[in-house]
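Let me begin by presenting the structure, written as structure tokens, before commenting on it.
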Amino acid sequence: MNFNELGLKQEILTAIAGMGFEKPSEIQAEVIPYLLNETGDVVGLAQTGTGKTAAFGLPILQTIDPKAKTTQALILSPTRELCVQIAGEVSKYAKNLPMHIVAVYGGEDIRKQLKELDNTPQILVATPGRLIDLMERKKVHLESISYLVLDEADEMLNMGFLDDINTILERTPDSRRTLLFSATMPNEIAKIAMNYMKNAVEISVGKKNEAAKNVEHYYVLTKQSTRYDVLKRLLDYYPDIYGIVFCRTRQETKDVAEKLMVDGYNADALHGDLSQAQRDSVMNKFRLRALQILVATDVAARGLDVNDLTHVIHYNLPDDRETYTHRSGRTGRVNKSGISIALVTPREKGAIKPIERVINHPFTQMDIPSGGMVCQKQLYYMVEKMQNLEPDKKLERYMPDVVELLKNMDRDDIIRRFIALQFNQLLEYYHNSVDLNASVQQEIKSSKQGRVSKGRGSRGSDDHDEPKKSRRQMRVVDKGDTLRLKINRGRKDGFEPKRLLGLINDVTGDKSIKIGDIDISPKFTFFDVDKKRVKQLIQAFSSNHRAKGYIIGEVKGNR
């Protein structure tokens, strides 16, 4: 079946063809003919990324009157991001129609939206809270609504919009058609369908609450104390990762993101403490792939729509199983494959089976990659990138001189040395790295013998832990090669090792400076640094505006 067979008007078909679409998705092929040929309401159950917007948007554009200066279709969405996305997508389908489409949502100056509403839109896309505000201002009128769409209905309920939804539904005419789309079917959704929908037909793509079929689900056993180290191993093992790391709390999200940034990863955080401007900045960077890893809470990521994600990593499993479906559904979209990996302690392993039953998909246990496996994967990735790289023609002018400089070296030696330039830091970091799988197995063995393992529920470290060092900041072993420095910040200023390392990275712009032992007193922080880098470090702190207020100097004597 293709779109030409669905009975859509030519203006819409032309717009669809211009966007490169030929065949409808499964949910579109089911919903569009029903809405065009029948009169009942629809409960559509399908995962995010399956084309639900077109499933309800195209029939709405087909049937409402573009000449009437009344709002005839209302589409409710849980978040600003999804609201903007839906309005943008429907506008593309309607580009050949005289249709006015407006999005209204919180987090933006309401005066701008009030001005847009001066020209009454035929289609209004809104978040519940902002819509009620505009209704109370008499700026939005719903008496002419013929279509009411609840998109991502389960997410709206999770975000506490049930009362708002009831208020809005009660102010729309009984003659409207109600279209409810959701990835999962909790009891509250069923109640809305029963109370506010007439002759509703359920159209389901896959089983209820089922996870996307093209997502592979893995779990990794870890100790609590090595959870972060395992995360780093996974990120290093997938060098081309473009994904989301889900955490349970805002604080955990901040901590994990900050650690990753200090350790040299291209990451940032998305959580409820960010202002709308900060949130937009992070999201824009992530959508443009200027960020490789987004660390987020479930609430902050609701309504997040980003295609081509390769991985979702659950730093902790969510409290409810439906949330796992939403998390893992962020990847594997639009018929692309994806990977979902959950980090679980041996005590948490029992939560996997119930999730398998809900998503109708098995989990596979995955071993933590060894240091050797990581290095091999990174090396192959680097070689593949080199093979696919198209050299800049501006390099040609330098090639004769380069060839002359390298004429006394054979090919293998040249390759080996160029790879070493890029690869030595990673090799150094993973040289003699600990076996994190053995560490977990030891904990399981101890647990079976009735002993309480230190790793369980503890933030402490033990003899099996991977060293807590930055991938970019290698520890100096030989004390004879170091000099003791101090900086005028201490515990009273909230200073800690990761802040020191991050500060040095920012001020010097050089992540290869080796830092040794770090000791923090109430007013000062003392640390060992490679003697060859002391001058560079002190000069950077005296000249860089980022170091304003920081005083760094050499420690005299033995104290």
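By order of appearance in the structure tokens: chains A, B, ..., then residues from 1 within every chain, and ligands from 1 in the order shown.
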I'd like to know which residues of stretch 182-304 of chain A are alpha helix (DSSP H) (by DSSP, run on the backbone); could you write them as number ranges by chain? A: 187-196, 227-237, 250-262, 276-287, 298-301
Stretch 539-541 of chain A: which residues within 12 Å, counting only C-alpha atoms, same-chain residues fewer than 4 positions away excluded, as a tab-separated table (two decimals) with N, CA, C and O atoms, in the first residue's frame?
```tsv
chain	number	residue	atom	x	y	z
A	487	ILE	N	46.55	25.49	45.70
A	487	ILE	CA	45.62	26.47	45.15
A	487	ILE	C	44.73	26.97	46.29
A	487	ILE	O	44.44	26.22	47.24
A	488	ASN	N	44.30	28.22	46.22
A	488	ASN	CA	43.60	28.86	47.34
A	488	ASN	C	42.12	28.51	47.38
A	488	ASN	O	41.24	29.38	47.46
A	503	LEU	N	39.01	22.18	36.48
A	503	LEU	CA	39.53	23.55	36.41
A	503	LEU	C	40.84	23.59	35.63
A	503	LEU	O	41.05	24.46	34.77
A	504	ILE	N	41.73	22.64	35.90
A	504	ILE	CA	43.01	22.59	35.19
A	504	ILE	C	42.78	22.36	33.69
A	504	ILE	O	43.43	22.99	32.84
A	505	ASN	N	41.86	21.46	33.37
A	505	ASN	CA	41.53	21.23	31.96
A	505	ASN	C	41.06	22.51	31.28
A	505	ASN	O	41.47	22.84	30.17
A	506	ASP	N	40.14	23.24	31.94
A	506	ASP	CA	39.55	24.45	31.36
A	506	ASP	C	40.59	25.56	31.19
A	506	ASP	O	40.62	26.24	30.17
A	507	VAL	N	41.41	25.77	32.22
A	507	VAL	CA	42.34	26.91	32.23
A	507	VAL	C	43.50	26.68	31.25
A	507	VAL	O	43.91	27.59	30.54
A	508	THR	N	44.03	25.46	31.23
A	508	THR	CA	45.20	25.19	30.37
A	508	THR	C	44.82	24.77	28.96
A	508	THR	O	45.60	24.95	28.03
A	509	GLY	N	43.61	24.21	28.82
A	509	GLY	CA	43.23	23.67	27.52
A	509	GLY	C	44.05	22.46	27.13
A	509	GLY	O	44.08	22.06	25.96
A	510	ASP	N	44.72	21.85	28.11
A	510	ASP	CA	45.61	20.72	27.85
A	510	ASP	C	45.26	19.58	28.80
A	510	ASP	O	45.50	19.67	30.01
A	533	ARG	N	55.66	20.37	33.66
A	533	ARG	CA	54.46	21.14	33.33
A	533	ARG	C	54.16	22.26	34.32
A	533	ARG	O	53.16	22.96	34.16
A	534	VAL	N	54.99	22.41	35.36
A	534	VAL	CA	54.70	23.39	36.40
A	534	VAL	C	54.64	24.81	35.83
A	534	VAL	O	53.71	25.58	36.10
A	535	LYS	N	55.64	25.17	35.05
A	535	LYS	CA	55.70	26.52	34.48
A	535	LYS	C	54.48	26.80	33.61
A	535	LYS	O	53.86	27.87	33.69
A	545	HIS	N	41.47	34.29	31.87
A	545	HIS	CA	40.37	34.91	32.62
A	545	HIS	C	39.54	33.88	33.37
A	545	HIS	O	38.87	34.20	34.36
A	546	ARG	N	39.56	32.62	32.92
A	546	ARG	CA	38.81	31.57	33.61
A	546	ARG	C	39.37	31.28	35.00
A	546	ARG	O	38.70	30.67	35.83
A	547	ALA	N	40.64	31.69	35.22
A	547	ALA	CA	41.29	31.42	36.51
A	547	ALA	C	41.22	32.62	37.44
A	547	ALA	O	41.91	32.66	38.47
A	548	LYS	N	40.37	33.60	37.10
A	548	LYS	CA	40.26	34.79	37.93
A	548	LYS	C	39.88	34.42	39.37
A	548	LYS	O	38.91	33.71	39.61
A	549	GLY	N	40.65	34.94	40.35
A	549	GLY	CA	40.39	34.65	41.75
A	549	GLY	C	41.13	33.45	42.29
A	549	GLY	O	41.22	33.25	43.50
A	550	TYR	N	41.69	32.63	41.39
A	550	TYR	CA	42.44	31.45	41.82
A	550	TYR	C	43.93	31.81	41.90
A	550	TYR	O	44.48	32.41	40.98
A	551	ILE	N	44.56	31.45	43.00
A	551	ILE	CA	46.00	31.69	43.17
A	551	ILE	C	46.68	30.34	43.32
A	551	ILE	O	46.33	29.54	44.20
A	552	ILE	N	47.65	30.08	42.45
A	552	ILE	CA	48.32	28.79	42.45
A	552	ILE	C	49.81	29.03	42.64
A	552	ILE	O	50.37	30.01	42.15
A	553	GLY	N	50.48	28.19	43.42
A	553	GLY	CA	51.90	28.37	43.68
A	553	GLY	C	52.55	27.12	44.20
A	553	GLY	O	51.88	26.13	44.54
```
For A:Tyr242, the nearest of the candidates A:Ser204, A:Ser521, A:Thr50, A:Thr331, counting only C-alpha atoms: A:Thr331
Which of stretch 200-276 of chain A fall in strand (DSSP E), as an MDAnalysis selection string: chainID A and resid 201:204 215:221 243:247 267:270
Using all heavy atoms, can you export the residues from the last selection as a compact mmCIF listing (two decimals), in the first residue's frame?
```txt
# COMPACT_ATOMS: atom_id res chain seq x y z
N VAL A 201 -12.67 2.65 18.73
CA VAL A 201 -12.03 1.44 18.24
C VAL A 201 -10.56 1.50 18.66
O VAL A 201 -9.93 2.56 18.60
CB VAL A 201 -12.16 1.32 16.71
CG1 VAL A 201 -11.51 2.49 15.98
CG2 VAL A 201 -11.55 0.01 16.21
N GLU A 202 -10.04 0.37 19.11
CA GLU A 202 -8.63 0.30 19.50
C GLU A 202 -7.81 -0.21 18.33
O GLU A 202 -8.06 -1.30 17.81
CB GLU A 202 -8.46 -0.60 20.72
CG GLU A 202 -7.02 -0.66 21.22
CD GLU A 202 -6.85 -1.57 22.44
OE1 GLU A 202 -7.53 -1.32 23.46
OE2 GLU A 202 -6.05 -2.51 22.36
N ILE A 203 -6.83 0.59 17.91
CA ILE A 203 -5.93 0.19 16.84
C ILE A 203 -4.54 0.08 17.43
O ILE A 203 -3.97 1.06 17.90
CB ILE A 203 -5.94 1.21 15.68
CG1 ILE A 203 -7.35 1.29 15.08
CG2 ILE A 203 -4.91 0.84 14.62
CD1 ILE A 203 -7.50 2.35 14.00
N SER A 204 -4.01 -1.13 17.45
CA SER A 204 -2.75 -1.38 18.15
C SER A 204 -1.71 -1.93 17.18
O SER A 204 -2.00 -2.83 16.39
CB SER A 204 -2.97 -2.39 19.29
OG SER A 204 -1.76 -2.65 19.96
N VAL A 215 14.79 -3.14 18.76
CA VAL A 215 15.70 -2.76 19.84
C VAL A 215 16.19 -4.04 20.53
O VAL A 215 15.38 -4.89 20.92
CB VAL A 215 15.01 -1.84 20.88
CG1 VAL A 215 15.96 -1.55 22.04
CG2 VAL A 215 14.57 -0.54 20.22
N GLU A 216 17.50 -4.17 20.67
CA GLU A 216 18.08 -5.28 21.43
C GLU A 216 18.20 -4.87 22.89
O GLU A 216 18.65 -3.76 23.19
CB GLU A 216 19.46 -5.63 20.87
CG GLU A 216 19.46 -6.08 19.42
CD GLU A 216 20.87 -6.31 18.92
OE1 GLU A 216 21.56 -7.18 19.48
OE2 GLU A 216 21.28 -5.60 17.99
N HIS A 217 17.81 -5.77 23.79
CA HIS A 217 17.80 -5.45 25.22
C HIS A 217 18.86 -6.28 25.95
O HIS A 217 18.87 -7.51 25.88
CB HIS A 217 16.41 -5.74 25.81
CG HIS A 217 15.32 -4.90 25.20
ND1 HIS A 217 14.89 -3.73 25.75
CD2 HIS A 217 14.61 -5.07 24.05
CE1 HIS A 217 13.96 -3.21 24.99
NE2 HIS A 217 13.76 -4.01 23.95
N TYR A 218 19.75 -5.59 26.67
CA TYR A 218 20.82 -6.23 27.41
C TYR A 218 20.79 -5.76 28.86
O TYR A 218 20.29 -4.67 29.17
CB TYR A 218 22.20 -5.88 26.82
CG TYR A 218 22.42 -6.37 25.42
CD1 TYR A 218 22.16 -5.55 24.32
CD2 TYR A 218 22.91 -7.65 25.17
CE1 TYR A 218 22.37 -5.99 23.02
CE2 TYR A 218 23.14 -8.10 23.88
CZ TYR A 218 22.86 -7.26 22.81
OH TYR A 218 23.07 -7.70 21.53
N TYR A 219 21.34 -6.60 29.74
CA TYR A 219 21.62 -6.13 31.10
C TYR A 219 23.05 -6.51 31.45
O TYR A 219 23.59 -7.50 30.96
CB TYR A 219 20.62 -6.68 32.12
CG TYR A 219 20.76 -8.15 32.45
CD1 TYR A 219 21.58 -8.58 33.50
CD2 TYR A 219 20.05 -9.10 31.73
CE1 TYR A 219 21.70 -9.92 33.81
CE2 TYR A 219 20.16 -10.45 32.03
CZ TYR A 219 20.99 -10.85 33.07
OH TYR A 219 21.11 -12.19 33.37
N VAL A 220 23.67 -5.67 32.26
CA VAL A 220 25.05 -5.86 32.69
C VAL A 220 25.06 -5.92 34.21
O VAL A 220 24.53 -5.02 34.87
CB VAL A 220 25.95 -4.70 32.20
CG1 VAL A 220 27.36 -4.85 32.75
CG2 VAL A 220 25.98 -4.65 30.68
N LEU A 221 25.65 -6.96 34.77
CA LEU A 221 25.77 -7.05 36.22
C LEU A 221 26.94 -6.21 36.71
O LEU A 221 28.05 -6.30 36.18
CB LEU A 221 25.97 -8.51 36.65
CG LEU A 221 24.72 -9.41 36.62
CD1 LEU A 221 25.09 -10.82 37.05
CD2 LEU A 221 23.62 -8.86 37.51
N GLY A 243 23.67 8.59 22.29
CA GLY A 243 22.62 8.02 23.12
C GLY A 243 22.31 8.80 24.38
O GLY A 243 22.90 9.85 24.67
N ILE A 244 21.37 8.23 25.14
CA ILE A 244 20.90 8.82 26.40
C ILE A 244 21.23 7.88 27.54
O ILE A 244 21.00 6.67 27.44
CB ILE A 244 19.38 9.08 26.37
CG1 ILE A 244 19.01 10.00 25.20
CG2 ILE A 244 18.92 9.70 27.69
CD1 ILE A 244 17.52 10.23 25.06
N VAL A 245 21.78 8.44 28.62
CA VAL A 245 21.98 7.70 29.87
C VAL A 245 20.89 8.16 30.84
O VAL A 245 20.84 9.34 31.20
CB VAL A 245 23.38 7.97 30.46
CG1 VAL A 245 23.53 7.26 31.81
CG2 VAL A 245 24.47 7.51 29.50
N PHE A 246 20.00 7.26 31.23
CA PHE A 246 18.90 7.62 32.12
C PHE A 246 19.27 7.38 33.58
O PHE A 246 19.75 6.30 33.94
CB PHE A 246 17.64 6.80 31.78
CG PHE A 246 16.87 7.35 30.62
CD1 PHE A 246 16.94 6.76 29.38
CD2 PHE A 246 16.06 8.47 30.78
CE1 PHE A 246 16.22 7.26 28.31
CE2 PHE A 246 15.34 8.99 29.72
CZ PHE A 246 15.42 8.38 28.47
N CYS A 247 19.04 8.39 34.40
CA CYS A 247 19.25 8.29 35.85
C CYS A 247 17.92 8.51 36.57
O CYS A 247 16.97 9.06 36.00
CB CYS A 247 20.27 9.33 36.32
SG CYS A 247 21.91 9.12 35.60
N ALA A 267 29.59 15.02 26.84
CA ALA A 267 28.31 14.77 27.51
C ALA A 267 27.78 16.03 28.15
O ALA A 267 28.50 17.00 28.38
CB ALA A 267 28.49 13.68 28.59
N ASP A 268 26.47 16.01 28.47
CA ASP A 268 25.85 17.09 29.24
C ASP A 268 24.60 16.53 29.90
O ASP A 268 24.17 15.41 29.60
CB ASP A 268 25.51 18.28 28.34
CG ASP A 268 25.54 19.61 29.11
OD1 ASP A 268 25.39 19.57 30.36
OD2 ASP A 268 25.70 20.66 28.48
N ALA A 269 24.01 17.32 30.79
CA ALA A 269 22.88 16.86 31.60
C ALA A 269 21.59 17.55 31.20
O ALA A 269 21.58 18.72 30.79
CB ALA A 269 23.16 17.11 33.08
N LEU A 270 20.47 16.84 31.36
CA LEU A 270 19.13 17.38 31.15
C LEU A 270 18.28 16.98 32.35
O LEU A 270 18.01 15.80 32.56
CB LEU A 270 18.53 16.83 29.86
CG LEU A 270 17.22 17.47 29.38
CD1 LEU A 270 17.47 18.90 28.90
CD2 LEU A 270 16.60 16.64 28.26
```
Measure the distance from atom CA of A:Ser146 to atom CA of A:Leu169 in Å and round it to one decimal. 12.2 Å
Do you know which residues are at most 12 Å from A:Glu116 counting only C-alpha atoms, after dropping those on the same chain fewer than 6 positions away, and could you put them as an mmCIF file with N, CA, C and O atoms, in the first residue's frame?
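The resulting file, out-v5.cif, is reproduced below:
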```cif
data_model
loop_
_atom_site.group_PDB
_atom_site.id
_atom_site.type_symbol
_atom_site.label_atom_id
_atom_site.label_comp_id
_atom_site.auth_asym_id
_atom_site.auth_seq_id
_atom_site.Cartn_x
_atom_site.Cartn_y
_atom_site.Cartn_z
ATOM 1 N N HIS A 100 -3.902 27.655 9.009
ATOM 2 C CA HIS A 100 -3.128 28.352 10.043
ATOM 3 C C HIS A 100 -2.987 27.413 11.244
ATOM 4 O O HIS A 100 -3.981 26.966 11.816
ATOM 5 N N ILE A 101 -1.736 27.097 11.596
ATOM 6 C CA ILE A 101 -1.439 26.156 12.686
ATOM 7 C C ILE A 101 -0.572 26.872 13.713
ATOM 8 O O ILE A 101 0.449 27.469 13.358
ATOM 9 N N VAL A 102 -0.973 26.808 14.981
ATOM 10 C CA VAL A 102 -0.256 27.514 16.047
ATOM 11 C C VAL A 102 0.064 26.534 17.178
ATOM 12 O O VAL A 102 -0.766 25.686 17.531
ATOM 13 N N ALA A 103 1.274 26.674 17.749
ATOM 14 C CA ALA A 103 1.675 25.888 18.929
ATOM 15 C C ALA A 103 1.755 26.816 20.132
ATOM 16 O O ALA A 103 2.349 27.897 20.051
ATOM 17 N N VAL A 104 1.151 26.421 21.246
ATOM 18 C CA VAL A 104 1.227 27.198 22.491
ATOM 19 C C VAL A 104 1.694 26.280 23.612
ATOM 20 O O VAL A 104 1.240 25.146 23.735
ATOM 21 N N ASP A 109 7.437 33.370 26.639
ATOM 22 C CA ASP A 109 6.655 34.582 26.882
ATOM 23 C C ASP A 109 5.266 34.429 26.269
ATOM 24 O O ASP A 109 5.117 34.226 25.057
ATOM 25 N N ILE A 110 4.233 34.533 27.102
ATOM 26 C CA ILE A 110 2.861 34.306 26.630
ATOM 27 C C ILE A 110 2.400 35.398 25.674
ATOM 28 O O ILE A 110 1.505 35.192 24.846
ATOM 29 N N LEU A 124 -4.798 23.905 16.576
ATOM 30 C CA LEU A 124 -4.049 24.397 17.734
ATOM 31 C C LEU A 124 -3.347 23.207 18.403
ATOM 32 O O LEU A 124 -3.987 22.209 18.742
ATOM 33 N N LYS A 139 -8.770 33.729 25.248
ATOM 34 C CA LYS A 139 -8.041 33.840 23.991
ATOM 35 C C LYS A 139 -8.198 32.591 23.137
ATOM 36 O O LYS A 139 -7.940 32.624 21.928
ATOM 37 N N VAL A 140 -8.597 31.493 23.739
ATOM 38 C CA VAL A 140 -8.833 30.240 23.021
ATOM 39 C C VAL A 140 -10.264 29.794 23.289
ATOM 40 O O VAL A 140 -10.705 29.778 24.441
#
```
Give me the residues within 8 Å of A:Arg176 as an mmCIF file with C-alpha atoms, in the first residue's frame, counting only C-alpha atoms and dropping any in the same chain fewer than 4 places off.
```
data_model
loop_
_atom_site.group_PDB
_atom_site.id
_atom_site.type_symbol
_atom_site.label_atom_id
_atom_site.label_comp_id
_atom_site.auth_asym_id
_atom_site.auth_seq_id
_atom_site.Cartn_x
_atom_site.Cartn_y
_atom_site.Cartn_z
ATOM 1 C CA ILE A 145 -13.640 21.680 18.008
ATOM 2 C CA SER A 146 -14.356 18.689 15.752
ATOM 3 C CA TYR A 147 -11.128 16.797 16.575
ATOM 4 C CA LEU A 148 -9.439 16.442 19.956
ATOM 5 C CA THR A 172 -15.157 20.659 24.249
#
```
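For stretch 367-381 of chain A, the residues within 8 Å (counting only C-alpha atoms, excluding itself and residues fewer than 4 positions away along the chain) are Val220, Leu221, Val230, Arg233, Leu234, Asp236, Tyr237, Tyr238, Pro239, Lys385, Phe423, Leu426, Leu427, Tyr430, His431, Asn432, Ser433, Val434, Asp435, Leu436 and Asn437 of chain A.
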Which neighbours of A:Ile64 fall inside 10 Å, counting only C-alpha atoms, when residues of the same chain fewer than 2 positions from it are skipped, and could you give them as number ranges by chain? A: 59-62, 66-68, 71-73, 99, 122-123, 145-147
Check the smallest atom-to-atom distance from each of A:Leu537, A:Arg489, A:Met159, A:Thr253 to A:Asp273 using only C-alpha atoms, then report the winner. A:Thr253
Find the residues around A:Phe3 up to 8 Å (only C-alpha atoms counted), leave out those fewer than 5 positions away in its own chain, and share them as a list in words.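 My list of contacting residues is Leu8, Leu13, Glu22, Lys23 and Pro24 of chain A.
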Interatomic distance, atom CA of A:His271 to atom CA of A:Leu501 (Å, one decimal): 24.0 Å
What is the atom CA of A:Lys285 to atom CA of A:Val306 distance in Å? 11.4 Å
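The residue that comes closest to A:Arg330, out of A:Ala277, A:Ala290, A:Leu260, A:Ala183 and on the basis of only C-alpha atoms, is A:Ala183.
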